[in-house]
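Asker: Dropping the structure in here first, questions after.
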Amino acid sequence: MGIEIAYWGVIAVLAALAIYAFIGWRRTKMDLSIYSATFVSVSRPRQIVAPNGKVVQSNSAFYELFGQVDKPIPDLLVAETRGDLEVREQIEMLDAKAKSGLEGYAEVRIPGRAEAGKGEDAGNGEVETQWRYVAAYPVKGWPGYVFWFVDDITLRRQMEQVINDQQNRFADLLENAPIGFYSVDGEGRFLFVNQMLAEWLGRTHAELESGTLRLHDILEDDGDFLPYSPFQDESVAKGEVTLKKRDGGKFVAFISQDVVPADERGGLCTRSVVRDLSSERAVARALERSEERFKSFFEKAPVGIALIDPKGCVTESNRAFRELLREPGNVHGLSLIELAVPDDRAAFQSALNDPQNTSRQTVLELGFHGGELVCTVYVTRMAGSGGETAGFIAHFIDTTEQKNLEEQFAQSQKMQAVGQLAGGIAHDFNNLLTAMIGFSDLLLLRHRPGDQSFADIMQIKQNANRAANLVRQLLAFSRQQTLQPRQLIITDILAELSHLLARLIGENIELKMIHGRDLGMVKADQGQLEQVVINLAVNARDAMVDGGALTIRTANVTVEEDKNYKGEVMPKGNYVAVEVEDTGCGIPREILDRIFDPFFSTKEVGAGTGLGLSTVYGIVKQTGGFIFVDSVVGRGTIFSLFLPHYVAGAETEVVAPGGEAQVQKDLTGIGNVLLVEDEDAVRAFGSRALRNKGYTVLEANSGEQALEVLRDAAERIDLLITDVVMPRVDGPTLVKTVRESYPDLKVIFISGYTEDNFRQKLGEDERIHFLPKPFSLKQLAAKVKEVLGGELV
């Protein structure tokens, strides 16, 4: 019975054990199924590798990442990194730790194809660098088995890289910004200082952030501004302070700061921005100085400058502009278009409205103040921010004097041309008049007073002399007349003229003579100088129809420096001044510059030749003097003559031509005379006149023929009379040639031109004399007898 009980007891135990084992097996099988399903369904690559390196199991995510391969993850990662030694070492370390029972992880960089160089995947397109998170865990109860965990963390690493780059850029910007940054705690200790502020202070980061240096240590005077203590929540402190440098230097700074909590444990700190005002103020001072210099340049510029708006009104101007336009006050808003003379306004307005003015500078010539002021104006457009016309810059250059000079130059050119014409005409006329006067004298030798023809011949001669006077006026205007200058005292000349002048101007005009004391000597032709005064007096008389006063003043005048009068420069020196002033109607400004023009006259037709003032001008200029005129309409006119002092030694006075009363009575003589004249009438008259006076006369109609006559002459030639201007061989050339064979031969030049025309070629040869055309029989005979040494009786 006992044995049986024991037996069934054993059977019961074994049955119980069998049931428990079955239940355990079922549970284990169910757990393995759940684990396997979970392992497979995980979305991240997973793999179990046996100790011998063979793959026990891989989930579907593994195949999605690596493809349908049954290689262990370590080998695949090493292959992806192209055998990178560092990656290989990391994987081997993870594998070894997991097999020894320790878990581990690593982040592995998988280079892209562009970085892989010449690998087998090279050339198949760009693939970005990828990152893998790799973890290795030991399998409990399965020694040597390793559970590998792989995850693609490329996106996370890229985001981290972006964040790091931004942080680095911000840190670099903060560190190297051109302004200072710092942060201090509630005790004033520096928590942060950027590089710029450290450089300004001449200190290092370590020194400032060590905690031993506080903010108040670098403040020159903390005063009421204490940016580190005490702090008030929600307060913002701003202000200027003076900061001290390590080397003792100082600079002014502007600090702006916020007070914020330091951390979660409490406390406060600042976020402070520092601007070094030294450089800003230096720039401001430099800008201020630059503006001052610009204003100085603008205000003191020698040309007028004005800024004008699109309508032509002044917005800004400099002093030269205001002085130029005679506007000393405020010219703001003044219309330049309205200031211009009416004839120029349309051109000015057109220049401002010209669309092409956007790309070029417009140059105008504008008149102001009724044309008294002429300016060259350079107009430049100023563009606004949108390209529209914001205004104009106008530069004004006073060209009034230049304009006058141009007109005077043109007038001078005209006068010179007319003068050359007048000289040429005078030369031809003098030849004709010489023949007319000469043959009249020959006729008068046969027709005495009382003869029926005497009066007719005298009329011919008198009219020829009047024509000769007109020709002399032409030559005076062209400065080609023959002058006989001598030393004169102006006072004596005017005293002799006073009675004549009184008769010329009439009883209704008062003549006043005001003489200066101790007047200097002048050298001039007395007759021509008297002609100047007479012409001016007659013009003054004609300007005072209803009477008035004619005042003639003389004085010594010293000109200290060159005097410029309407483009004519009178050199400094000592002069005798003669002023002829009348109280007549005056000369209008528009004709004042034309009064010295030849043939210009305000008188009625037939009342004058128009040569009076032009003759005056020519005589004064040929004498070496100057003549100026000032006139006011309705008040009168002043002509001012300036004749230079003559200080040389006394000279032998020369008898003026035309003074027949001074010619000797006995004009006969003897001698051989060669008369060279290309004008047949003049030559015929001269030869007959000299033969009548007892001379033997040889004739030649040219310089070449004269040389032949001299070479073939049977007797010695005592005197050569030759015209100056002749074709081919002229008079001076003839004389030079003759002098080579006959050095002592005496010569008389005859010409309708001035003596200066040939004197400069031959020099001051005392054996050469001059007889101007036209001349009479008596003048010719007297000159010949004078040169040959005849006695006057």
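Chains: A, B, ... in order of the structure tokens. Residues: from 1 per chain. Ligands: from 1, in order shown.
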Among range 487-693 of chain A, which residues does DSSP mark as alpha helix (DSSP H) when it is run on the backbone? Keep the chain and numbering as in the structure and answer as JSON, numbers by chain.

Answerer: {"A": [490, 491, 492, 493, 494, 495, 496, 497, 498, 499, 500, 501, 502, 503, 504, 505, 526, 527, 528, 529, 530, 531, 532, 533, 534, 535, 536, 537, 538, 539, 540, 541, 542, 543, 589, 590, 591, 592, 612, 613, 614, 615, 616, 617, 618, 619, 620, 621, 622, 623, 680, 681, 682, 683, 684, 685, 686, 687, 688, 689, 690, 691, 692]}

Asker: Show me, as an MDAnalysis selection string, the residues that have an atom within 8 Å of range 556-562 of chain A when counting only C-alpha atoms, minus same-chain residues fewer than 2 positions from it.

Answerer: chainID A and resid 516:520 554 564 569:577

Asker: Write out the residues from the selection above, keeping N, CA and C atoms, as an mmCIF file, in the first residue's frame.

Answerer:
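So the final result, stored in again28.cif, reads:
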data_model
loop_
_atom_site.group_PDB
_atom_site.id
_atom_site.type_symbol
_atom_site.label_atom_id
_atom_site.label_comp_id
_atom_site.auth_asym_id
_atom_site.auth_seq_id
_atom_site.Cartn_x
_atom_site.Cartn_y
_atom_site.Cartn_z
ATOM 1 N N GLY A 516 48.220 174.428 -66.159
ATOM 2 C CA GLY A 516 48.995 173.910 -65.042
ATOM 3 C C GLY A 516 50.347 174.587 -64.969
ATOM 4 N N ARG A 517 50.988 174.443 -63.839
ATOM 5 C CA ARG A 517 52.284 175.089 -63.629
ATOM 6 C C ARG A 517 53.424 174.128 -63.965
ATOM 7 N N ASP A 518 54.500 174.731 -64.513
ATOM 8 C CA ASP A 518 55.727 173.979 -64.799
ATOM 9 C C ASP A 518 55.448 172.726 -65.634
ATOM 10 N N LEU A 519 54.705 172.910 -66.709
ATOM 11 C CA LEU A 519 54.386 171.769 -67.557
ATOM 12 C C LEU A 519 55.652 171.222 -68.225
ATOM 13 N N GLY A 520 55.702 169.913 -68.384
ATOM 14 C CA GLY A 520 56.830 169.290 -69.045
ATOM 15 C C GLY A 520 56.788 169.527 -70.544
ATOM 16 N N THR A 554 45.240 172.182 -68.654
ATOM 17 C CA THR A 554 46.506 171.459 -68.822
ATOM 18 C C THR A 554 47.080 171.159 -67.445
ATOM 19 N N ASN A 564 44.409 150.763 -67.775
ATOM 20 C CA ASN A 564 43.640 150.074 -68.815
ATOM 21 C C ASN A 564 42.320 150.804 -69.018
ATOM 22 N N VAL A 569 45.948 150.122 -73.164
ATOM 23 C CA VAL A 569 46.808 150.232 -71.991
ATOM 24 C C VAL A 569 47.751 151.423 -72.152
ATOM 25 N N MET A 570 47.678 152.340 -71.180
ATOM 26 C CA MET A 570 48.586 153.479 -71.155
ATOM 27 C C MET A 570 49.676 153.174 -70.135
ATOM 28 N N PRO A 571 50.928 153.070 -70.574
ATOM 29 C CA PRO A 571 52.003 152.700 -69.647
ATOM 30 C C PRO A 571 52.194 153.755 -68.565
ATOM 31 N N LYS A 572 52.722 153.302 -67.428
ATOM 32 C CA LYS A 572 53.012 154.243 -66.357
ATOM 33 C C LYS A 572 54.126 155.197 -66.798
ATOM 34 N N GLY A 573 54.105 156.397 -66.232
ATOM 35 C CA GLY A 573 55.095 157.397 -66.602
ATOM 36 C C GLY A 573 54.553 158.796 -66.398
ATOM 37 N N ASN A 574 55.274 159.789 -66.879
ATOM 38 C CA ASN A 574 54.895 161.192 -66.733
ATOM 39 C C ASN A 574 54.308 161.698 -68.049
ATOM 40 N N TYR A 575 53.175 162.380 -67.936
ATOM 41 C CA TYR A 575 52.463 162.872 -69.107
ATOM 42 C C TYR A 575 52.048 164.329 -68.891
ATOM 43 N N VAL A 576 51.834 165.037 -69.998
ATOM 44 C CA VAL A 576 51.149 166.324 -69.985
ATOM 45 C C VAL A 576 49.718 166.060 -70.443
ATOM 46 N N ALA A 577 48.773 166.412 -69.580
ATOM 47 C CA ALA A 577 47.370 166.153 -69.884
ATOM 48 C C ALA A 577 46.717 167.430 -70.402
#

Asker: Of the residues A:Glu207, A:Asp309, A:Asp276, A:Asp712, which is the one nearest to Pro178 in chain A, using only C-alpha atoms?

Answerer: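 For Pro178 in chain A, the nearest of the given residues is A:Asp276.
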
Asker: Go through A:Thr242, A:Ser183, A:Ser776, A:Gln349 and flag the residue nearest Val260 in chain A, using only C-alpha atoms for the distances.

Answerer: A:Ser183

Asker: Could you list, as a ChimeraX atom specification, every residue within 12 Å of range 67-69 of chain A, counting only C-alpha atoms and ignoring same-chain residues fewer than 4 positions away?

Answerer: /A:45,47,55,57-63,73,75-76

Asker: Would you put the residues from that selection into a file with all heavy atoms, as a compact mmCIF listing (two decimals), in the first residue's frame?

Answerer:
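New file part_22.txt:
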# COMPACT_ATOMS: atom_id res chain seq x y z
N PRO A 45 16.48 50.21 -39.02
CA PRO A 45 17.24 48.98 -39.33
C PRO A 45 17.75 48.30 -38.06
O PRO A 45 18.35 48.97 -37.19
CB PRO A 45 18.39 49.49 -40.20
CG PRO A 45 17.90 50.78 -40.78
CD PRO A 45 17.02 51.38 -39.72
N GLN A 47 19.50 44.35 -36.57
CA GLN A 47 20.14 43.10 -37.03
C GLN A 47 20.78 42.40 -35.83
O GLN A 47 21.33 43.06 -34.94
CB GLN A 47 21.20 43.40 -38.09
CG GLN A 47 21.80 42.16 -38.75
CD GLN A 47 22.86 42.52 -39.77
OE1 GLN A 47 23.90 43.03 -39.39
NE2 GLN A 47 22.57 42.26 -41.05
N VAL A 55 24.87 36.54 -39.95
CA VAL A 55 23.65 37.27 -39.62
C VAL A 55 22.62 36.27 -39.14
O VAL A 55 22.33 35.29 -39.83
CB VAL A 55 23.12 38.03 -40.84
CG1 VAL A 55 21.79 38.70 -40.51
CG2 VAL A 55 24.14 39.06 -41.31
N GLN A 57 19.43 37.44 -37.90
CA GLN A 57 18.15 37.97 -38.39
C GLN A 57 18.31 39.48 -38.66
O GLN A 57 19.00 40.19 -37.94
CB GLN A 57 17.05 37.74 -37.33
CG GLN A 57 15.67 38.11 -37.86
CD GLN A 57 14.56 37.75 -36.86
OE1 GLN A 57 14.86 37.36 -35.73
NE2 GLN A 57 13.32 37.88 -37.28
N SER A 58 17.61 39.94 -39.74
CA SER A 58 17.57 41.37 -40.09
C SER A 58 16.12 41.75 -40.33
O SER A 58 15.34 40.96 -40.87
CB SER A 58 18.37 41.68 -41.36
OG SER A 58 19.71 41.32 -41.20
N ASN A 59 15.74 42.95 -39.95
CA ASN A 59 14.35 43.36 -40.18
C ASN A 59 14.21 44.03 -41.56
O ASN A 59 15.19 44.27 -42.27
CB ASN A 59 13.85 44.28 -39.06
CG ASN A 59 14.56 45.62 -39.06
OD1 ASN A 59 15.54 45.82 -39.77
ND2 ASN A 59 14.07 46.55 -38.25
N SER A 60 12.95 44.30 -41.91
CA SER A 60 12.68 44.85 -43.25
C SER A 60 13.28 46.24 -43.43
O SER A 60 13.69 46.60 -44.53
CB SER A 60 11.15 44.90 -43.48
OG SER A 60 10.52 45.68 -42.46
N ALA A 61 13.35 47.02 -42.36
CA ALA A 61 13.94 48.37 -42.48
C ALA A 61 15.41 48.27 -42.87
O ALA A 61 15.95 49.16 -43.56
CB ALA A 61 13.78 49.13 -41.17
N PHE A 62 16.07 47.20 -42.40
CA PHE A 62 17.47 46.98 -42.77
C PHE A 62 17.59 46.85 -44.28
O PHE A 62 18.46 47.44 -44.92
CB PHE A 62 18.00 45.73 -42.06
CG PHE A 62 19.34 45.28 -42.57
CD1 PHE A 62 20.52 45.80 -42.07
CD2 PHE A 62 19.43 44.30 -43.57
CE1 PHE A 62 21.73 45.38 -42.56
CE2 PHE A 62 20.65 43.88 -44.05
CZ PHE A 62 21.81 44.41 -43.53
N TYR A 63 16.70 46.00 -44.87
CA TYR A 63 16.78 45.78 -46.31
C TYR A 63 16.42 47.04 -47.10
O TYR A 63 16.91 47.26 -48.21
CB TYR A 63 15.87 44.60 -46.70
CG TYR A 63 16.34 43.29 -46.11
CD1 TYR A 63 15.61 42.65 -45.11
CD2 TYR A 63 17.52 42.69 -46.57
CE1 TYR A 63 16.04 41.46 -44.58
CE2 TYR A 63 17.95 41.50 -46.02
CZ TYR A 63 17.22 40.89 -45.02
OH TYR A 63 17.65 39.72 -44.48
N ILE A 73 26.00 44.41 -40.35
CA ILE A 73 26.02 45.89 -40.39
C ILE A 73 27.44 46.44 -40.31
O ILE A 73 27.77 47.37 -41.05
CB ILE A 73 25.12 46.47 -39.28
CG1 ILE A 73 23.65 46.29 -39.69
CG2 ILE A 73 25.44 47.93 -39.00
CD1 ILE A 73 22.66 46.76 -38.63
N ASP A 75 30.23 45.30 -41.49
CA ASP A 75 30.87 45.23 -42.80
C ASP A 75 30.26 46.22 -43.78
O ASP A 75 30.95 46.85 -44.60
CB ASP A 75 30.74 43.80 -43.35
CG ASP A 75 31.51 42.79 -42.51
OD1 ASP A 75 32.36 43.24 -41.70
OD2 ASP A 75 31.26 41.59 -42.66
N LEU A 76 28.94 46.37 -43.70
CA LEU A 76 28.28 47.30 -44.62
C LEU A 76 28.70 48.75 -44.36
O LEU A 76 28.93 49.52 -45.29
CB LEU A 76 26.76 47.16 -44.49
CG LEU A 76 26.16 45.82 -44.98
CD1 LEU A 76 24.66 45.76 -44.65
CD2 LEU A 76 26.38 45.66 -46.49

Asker: Suppose you want the space between CA of Gly202 in chain A and CA of Val184 in chain A; what is it in Å?

Answerer: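 According to the coordinates, CA of Gly202 in chain A and CA of Val184 in chain A are separated by 18.3 Å.
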
Asker: Using only C-alpha atoms, determine which residues lie at most 7 Å from range 542-550 of chain A, disregarding the query and same-chain residues fewer than 3 positions distant; provide the list as a count of residues only.

Answerer: 12

Asker: Do you know which residues are at most 10 Å from range 98-113 of chain A counting only C-alpha atoms, after dropping those on the same chain fewer than 4 positions away, and could you put them as a PyMOL selection string?

Answerer: chain A and resi 50-51+77-82+84+86-88+90-94+117-140+142-154+157

Asker: Could you list, as an MDAnalysis selection string, every residue within 12 Å of range 738-744 of chain A, counting only C-alpha atoms and ignoring same-chain residues fewer than 2 positions away?

Answerer: chainID A and resid 674 703:704 706:711 716:720 722 729 731:736 746:747 762 765:768

Asker: Near Arg275 in chain A, within 10 Å and counting only C-alpha atoms, which residues show up once chain neighbours fewer than 4 positions away are dropped, as a list in words?

Answerer: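 So, after excluding close chain neighbours, the residues are Pro178, Ile179, Gly180, Phe181, Leu197, Glu240, Val252, Ala253, Phe254, Ile255, Ser256, Ser279 and Glu280 of chain A.
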
Asker: Please compute the CA of Ile514 in chain A-CA of Leu500 in chain A distance, one decimal, in Å.

Answerer: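 About the pair CA of Ile514 in chain A and CA of Leu500 in chain A: they are 16.9 Å apart.
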
Asker: Given the choices A:Glu507, A:Glu496, A:Glu677, A:Asp593, which gets closest to Gly527 in chain A if the distance is worked out from only C-alpha atoms?

Answerer: A:Glu496

Asker: Write out as a ChimeraX atom specification all residues of range 481-620 of chain A that DSSP puts in strand (DSSP E) for this structure's backbone.

Answerer: /A:486-488,509-514,522-524,548-559,563-565,568-570,573-582

Asker: Record the distance separating CA of Ala714 in chain A and CA of Leu690 in chain A, expressed in Å with one decimal.

Answerer: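 Rounded to one decimal, the two atoms are 19.5 Å apart.
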